[in-house]
>>> print(open('model-v1.cif').read())   # mmCIF, C-alpha atoms
data_run
loop_
_atom_site.label_atom_id
_atom_site.label_comp_id
_atom_site.auth_asym_id
_atom_site.auth_seq_id
_atom_site.Cartn_x
_atom_site.Cartn_y
_atom_site.Cartn_z
CA MET D 9 -3.32 30.09 -7.41
CA SER D 10 -2.98 27.87 -10.47
CA ALA D 11 -4.32 30.11 -13.22
CA ASN D 12 -1.24 29.71 -15.40
CA GLN D 13 -1.72 25.93 -15.47
CA LEU D 14 -5.48 26.10 -15.91
CA ASP D 15 -6.84 24.92 -19.28
CA LEU D 16 -10.37 26.29 -19.54
CA ARG D 17 -10.95 25.63 -23.25
CA CYS D 18 -13.21 22.65 -22.68
CA TYR D 19 -14.93 22.63 -19.29
CA HIS D 20 -17.43 19.89 -18.49
CA VAL D 21 -20.07 20.38 -15.81
CA THR D 22 -21.58 17.08 -14.74
CA GLY D 23 -25.30 16.59 -15.18
CA ALA D 24 -27.96 13.91 -15.38
CA PRO D 25 -28.53 11.00 -15.42
CA ARG D 26 -26.48 10.35 -12.32
CA GLU D 27 -25.43 6.84 -13.36
CA LYS D 28 -23.59 8.25 -16.41
CA VAL D 29 -21.71 11.03 -14.62
CA VAL D 30 -18.48 9.22 -13.82
CA GLN D 31 -18.20 7.57 -17.25
CA VAL D 32 -18.87 10.81 -19.13
CA ALA D 33 -16.49 12.84 -16.97
CA ALA D 34 -13.68 10.36 -17.56
CA ALA D 35 -14.33 10.31 -21.31
CA ALA D 36 -14.37 14.11 -21.46
CA ALA D 37 -11.06 14.22 -19.63
CA ALA D 38 -9.57 11.62 -21.96
CA GLY D 39 -10.59 13.79 -24.91
CA GLY D 40 -8.85 16.84 -23.53
CA ALA D 41 -11.31 18.60 -21.20
CA GLY D 42 -9.19 20.70 -18.88
CA VAL D 43 -11.76 21.05 -16.11
CA ILE D 44 -14.53 18.85 -14.73
CA GLN D 45 -16.96 20.48 -12.31
CA VAL D 46 -18.91 18.05 -10.15
CA ARG D 47 -22.45 19.40 -9.97
CA SER D 48 -25.59 17.43 -9.18
CA LYS D 49 -28.62 19.24 -7.83
CA PRO D 50 -30.46 18.53 -5.67
CA ILE D 51 -28.01 16.32 -3.78
CA SER D 52 -27.03 15.73 -0.19
CA VAL D 53 -23.55 16.62 0.99
CA ARG D 54 -22.79 12.96 1.59
CA ASP D 55 -23.89 11.96 -1.89
CA LEU D 56 -21.98 14.86 -3.45
CA THR D 57 -18.87 13.76 -1.58
CA GLU D 58 -19.19 10.18 -2.80
CA LEU D 59 -19.84 11.31 -6.36
CA ALA D 60 -16.88 13.68 -6.30
CA ILE D 61 -14.53 10.96 -5.07
CA ASP D 62 -15.68 8.61 -7.84
CA VAL D 63 -15.39 11.31 -10.53
CA ALA D 64 -11.97 12.39 -9.30
CA ALA D 65 -10.59 8.85 -9.39
CA ALA D 66 -11.91 8.20 -12.90
CA VAL D 67 -10.69 11.55 -14.22
CA GLU D 68 -7.23 11.11 -12.74
CA GLU D 69 -6.92 7.74 -14.45
CA ALA D 70 -8.19 9.10 -17.77
CA ASN D 71 -6.12 12.31 -17.81
CA PRO D 72 -4.08 13.40 -14.77
CA ALA D 73 -3.81 16.93 -16.21
CA THR D 74 -7.57 17.52 -15.93
CA ARG D 75 -8.60 19.56 -12.89
CA VAL D 76 -11.67 18.60 -10.84
CA LEU D 77 -13.76 21.24 -9.07
CA ILE D 78 -16.71 20.98 -6.67
CA ASP D 79 -19.81 23.07 -7.34
CA ASP D 80 -20.76 25.45 -4.51
CA ARG D 81 -19.53 23.42 -1.54
CA VAL D 82 -16.27 24.86 -0.26
CA ASP D 83 -16.46 22.52 2.73
CA VAL D 84 -16.59 19.43 0.52
CA ALA D 85 -13.70 20.68 -1.62
CA ALA D 86 -11.63 21.43 1.49
CA ALA D 87 -12.29 17.96 2.90
CA LEU D 88 -11.28 16.18 -0.32
CA MET D 89 -8.38 18.25 -1.67
CA GLY D 90 -5.00 16.66 -1.20
CA GLU D 91 -6.18 13.11 -0.62
CA HIS D 92 -8.20 13.02 -3.85
CA HIS D 93 -7.75 14.40 -7.39
CA ILE D 94 -9.78 17.50 -6.52
CA HIS D 95 -8.42 20.99 -7.03
CA GLY D 96 -10.92 23.59 -5.96
CA VAL D 97 -14.44 24.93 -6.19
CA HIS D 98 -16.85 26.86 -8.38
CA ILE D 99 -19.06 29.17 -6.36
CA GLY D 100 -22.15 31.21 -7.11
CA GLN D 101 -23.16 34.70 -6.12
CA ASP D 102 -24.94 33.40 -3.01
CA ASP D 103 -22.21 31.04 -1.84
CA LEU D 104 -19.27 31.68 0.47
CA ASP D 105 -17.40 34.95 -0.15
CA PRO D 106 -14.52 34.21 -2.55
CA ARG D 107 -11.98 35.70 -0.12
CA LEU D 108 -13.13 33.32 2.59
CA ALA D 109 -13.09 30.44 0.12
CA ARG D 110 -9.47 31.27 -0.66
CA GLN D 111 -8.62 31.36 3.04
CA VAL D 112 -10.22 27.94 3.54
CA LEU D 113 -8.79 26.25 0.43
CA GLY D 114 -5.33 27.79 0.28
CA GLU D 115 -3.31 29.54 -2.39
CA ASP D 116 -3.02 26.58 -4.76
CA ALA D 117 -6.76 25.91 -5.07
CA ILE D 118 -8.69 26.83 -8.20
CA ILE D 119 -11.68 29.07 -7.52
CA GLY D 120 -14.28 30.08 -10.10
CA LEU D 121 -17.21 32.45 -9.67
CA THR D 122 -20.52 32.64 -11.52
CA THR D 123 -21.45 35.92 -13.21
CA GLY D 124 -23.43 36.80 -16.33
CA THR D 125 -24.03 40.53 -16.51
CA LEU D 126 -21.63 43.43 -16.90
CA GLU D 127 -22.47 44.51 -13.36
CA LEU D 128 -21.67 41.07 -11.97
CA VAL D 129 -18.43 40.88 -13.97
CA GLN D 130 -17.35 44.26 -12.67
CA GLY D 131 -18.23 43.11 -9.17
CA ALA D 132 -16.15 39.97 -9.66
CA ASN D 133 -13.13 42.16 -10.40
CA GLU D 134 -13.10 43.01 -6.70
CA TYR D 135 -12.11 39.38 -6.15
CA ALA D 136 -9.55 39.19 -8.96
CA GLU D 137 -6.75 38.44 -6.51
CA VAL D 138 -8.53 35.39 -5.12
CA ILE D 139 -10.41 33.88 -8.10
CA ASP D 140 -8.99 32.19 -11.18
CA TYR D 141 -11.83 32.64 -13.67
CA ILE D 142 -15.50 33.57 -13.97
CA GLY D 143 -18.36 31.71 -15.59
CA ALA D 144 -20.71 33.90 -17.63
CA GLY D 145 -24.05 33.00 -19.08
CA PRO D 146 -26.41 31.88 -20.19
CA PHE D 147 -25.24 31.75 -23.79
CA ARG D 148 -28.67 30.35 -24.65
CA PRO D 149 -31.64 29.59 -22.41
CA THR D 150 -31.01 26.28 -20.65
CA PRO D 151 -33.16 23.98 -18.52
CA THR D 152 -30.20 22.76 -16.46
CA LYS D 153 -29.81 26.01 -14.56
CA THR D 154 -32.40 28.73 -14.23
CA SER D 155 -31.52 32.39 -13.81
CA ALA D 156 -33.28 35.65 -14.41
CA ARG D 157 -30.50 36.78 -16.73
CA ALA D 158 -31.23 37.25 -20.42
CA PRO D 159 -29.26 35.04 -22.83
CA LEU D 160 -25.99 36.67 -23.87
CA GLY D 161 -25.60 35.26 -27.37
CA LEU D 162 -22.29 35.71 -29.18
CA GLU D 163 -22.54 39.49 -29.07
CA GLY D 164 -22.83 39.50 -25.29
CA TYR D 165 -19.38 38.13 -24.55
CA PRO D 166 -16.84 40.65 -25.92
CA PRO D 167 -17.94 43.40 -23.47
CA LEU D 168 -17.71 40.96 -20.56
CA VAL D 169 -14.28 39.72 -21.65
CA ALA D 170 -13.08 43.32 -21.98
CA ALA D 171 -14.41 44.19 -18.53
CA SER D 172 -13.11 41.13 -16.69
CA ALA D 173 -9.79 41.02 -14.88
CA VAL D 174 -9.78 37.21 -15.06
CA PRO D 175 -10.53 34.67 -17.83
CA VAL D 176 -14.18 34.19 -18.83
CA VAL D 177 -15.88 30.84 -19.47
CA ALA D 178 -19.14 30.81 -21.45
CA ILE D 179 -21.95 28.57 -20.23
CA GLY D 180 -25.57 27.91 -21.09
CA ASP D 181 -26.58 25.27 -23.64
CA VAL D 182 -23.24 25.56 -25.43
CA GLN D 183 -22.76 22.98 -28.20
CA ALA D 184 -19.50 21.81 -29.74
CA ALA D 185 -20.44 23.65 -32.95
CA ASP D 186 -20.49 26.93 -30.99
CA ALA D 187 -16.95 26.62 -29.64
CA GLU D 188 -15.02 28.31 -32.43
CA ALA D 189 -17.36 31.30 -32.67
CA LEU D 190 -17.33 31.70 -28.89
CA ALA D 191 -13.54 31.45 -28.82
CA GLU D 192 -13.43 34.32 -31.29
CA THR D 193 -15.29 36.51 -28.76
CA GLY D 194 -12.30 36.25 -26.43
CA VAL D 195 -13.64 33.81 -23.87
CA ALA D 196 -11.07 31.40 -22.45
CA GLY D 197 -13.34 28.41 -22.69
CA VAL D 198 -16.82 26.95 -22.80
CA ALA D 199 -18.63 25.03 -20.08
CA ILE D 200 -20.80 22.23 -21.42
CA VAL D 201 -23.36 20.16 -19.54
CA ARG D 202 -26.08 18.51 -21.63
CA ALA D 203 -24.13 18.11 -24.86
CA PHE D 204 -21.65 15.92 -22.99
CA MET D 205 -24.30 13.95 -21.13
CA ASP D 206 -26.21 13.33 -24.38
CA SER D 207 -23.16 12.54 -26.50
CA HIS D 208 -22.45 9.07 -27.85
CA ASP D 209 -18.73 9.95 -27.79
CA PRO D 210 -17.88 12.48 -25.05
CA SER D 211 -14.16 12.05 -25.69
CA ALA D 212 -14.50 13.10 -29.33
CA LEU D 213 -16.72 16.02 -28.31
CA ALA D 214 -14.03 17.30 -25.95
CA THR D 215 -11.36 16.98 -28.63
CA THR D 216 -13.58 18.89 -31.08
CA VAL D 217 -14.00 21.76 -28.62
CA VAL D 218 -10.29 21.97 -27.81
CA ARG D 219 -9.38 22.00 -31.51
CA ALA D 220 -11.97 24.71 -32.18
CA PHE D 221 -10.34 26.92 -29.56
CA ASP D 222 -6.91 26.21 -30.97
CA ARG D 223 -8.06 27.22 -34.45
CA ALA D 224 -9.63 30.42 -33.23
CA ASN D 225 -6.64 31.33 -31.10
CA ALA D 226 -4.25 30.62 -33.98
CA ALA D 227 -6.31 32.85 -36.26
CA THR D 228 -6.31 35.74 -33.80
CA GLY D 229 -2.77 35.25 -32.53
CA SER D 230 -4.10 34.67 -29.03
CA HIS D 231 -2.43 32.35 -26.55
CA ALA D 232 -5.39 32.17 -24.18
#
>>> encode(input="model-v1.cif", output="structure tokens")
Amino acid sequence: MSANQLDLRCYHVTGAPREKVVQVAAAAAAGGAGVIQVRSKPISVRDLTELAIDVAAAVEEANPATRVLIDDRVDVAAALMGEHHIHGVHIGQDDLDPRLARQVLGEDAIIGLTTGTLELVQGANEYAEVIDYIGAGPFRPTPTKTSARAPLGLEGYPPLVAASAVPVVAIGDVQAADAEALAETGVAGVAIVRAFMDSHDPSALATTVVRAFDRANAATGSHA
């Protein structure tokens, strides 16, 4: 696994409108986003594959250090890894078992898993040997992804970070202005969808988030 090379501070999840996805992903990468997750629902497998290839090429040109993950579809990630600038998958609670995903994708792939409650985080610890990080949310209510889970708010993250055997990424209507306060809770990064898609300068937004994490980590002496 590649956890030691994985920069989760600024994590962009692609959103809508579709025609802006590639441009925004590349700009986020240029600004320092360490991870781009290609997500577009609903979408056919063929369309997801084409979108992922386009995003991967643009991200690689903008910042070769940025990792590109596929949302949910282990099969698509497996088909594209190696030939394209694609490095793994982010899976949900109802997707392929993380152990099977690791078997399919190999030891160098990046694998993330969605959680959000203490129970789900504790359950994810069973997969700590095969996953690289967990996503936890929602931070705030968000229209881009519905779940029955109550918003965590700032106070919800420290217990999850303490319970998790792997790094935690906060998601759910996170804004750049939230990054420093969230970093102080111990999360390794923030996943941002709409703020990037709506931004007039996605590159500057990414840089702002990365710097916020660096400030918080410097203040706490953390090297996360």
>>> resolve_selection(input="model-v1.cif", expression="the PyMOL selection byres ((chain D and resi 177-186) around 9)", output="ChimeraX atom specification")
/D:16-17,19,124,141-153,159,165,175-176,187-191,195-204,213-214,216-217,220
>>> atom_distance(input="model-v1.cif", atom1="atom CA of Ala34 of chain D", atom2="atom CA of Glu68 of chain D")
8.1 Å
>>> resolve_selection(input="model-v1.cif", expression="the PyMOL selection byres ((chain D and resi 61) around 12)", output="NGL selection string")
:D and (29-30 or 46 or 54-60 or 62-68 or 76-78 or 84-85 or 87-95)
>>> resolve_selection(input="model-v1.cif", expression="the PyMOL selection byres ((chain D and resi 133) around 12)", output="PyMOL selection string")
chain D and resi 106+121+123+126-132+134-142+168-176
>>> closest_residue(input="model-v1.cif", among="D:Gly194, D:Gly39, D:Gly120, D:Pro72", to="Asp209 of chain D", atoms="only C-alpha atoms")
D:Gly39
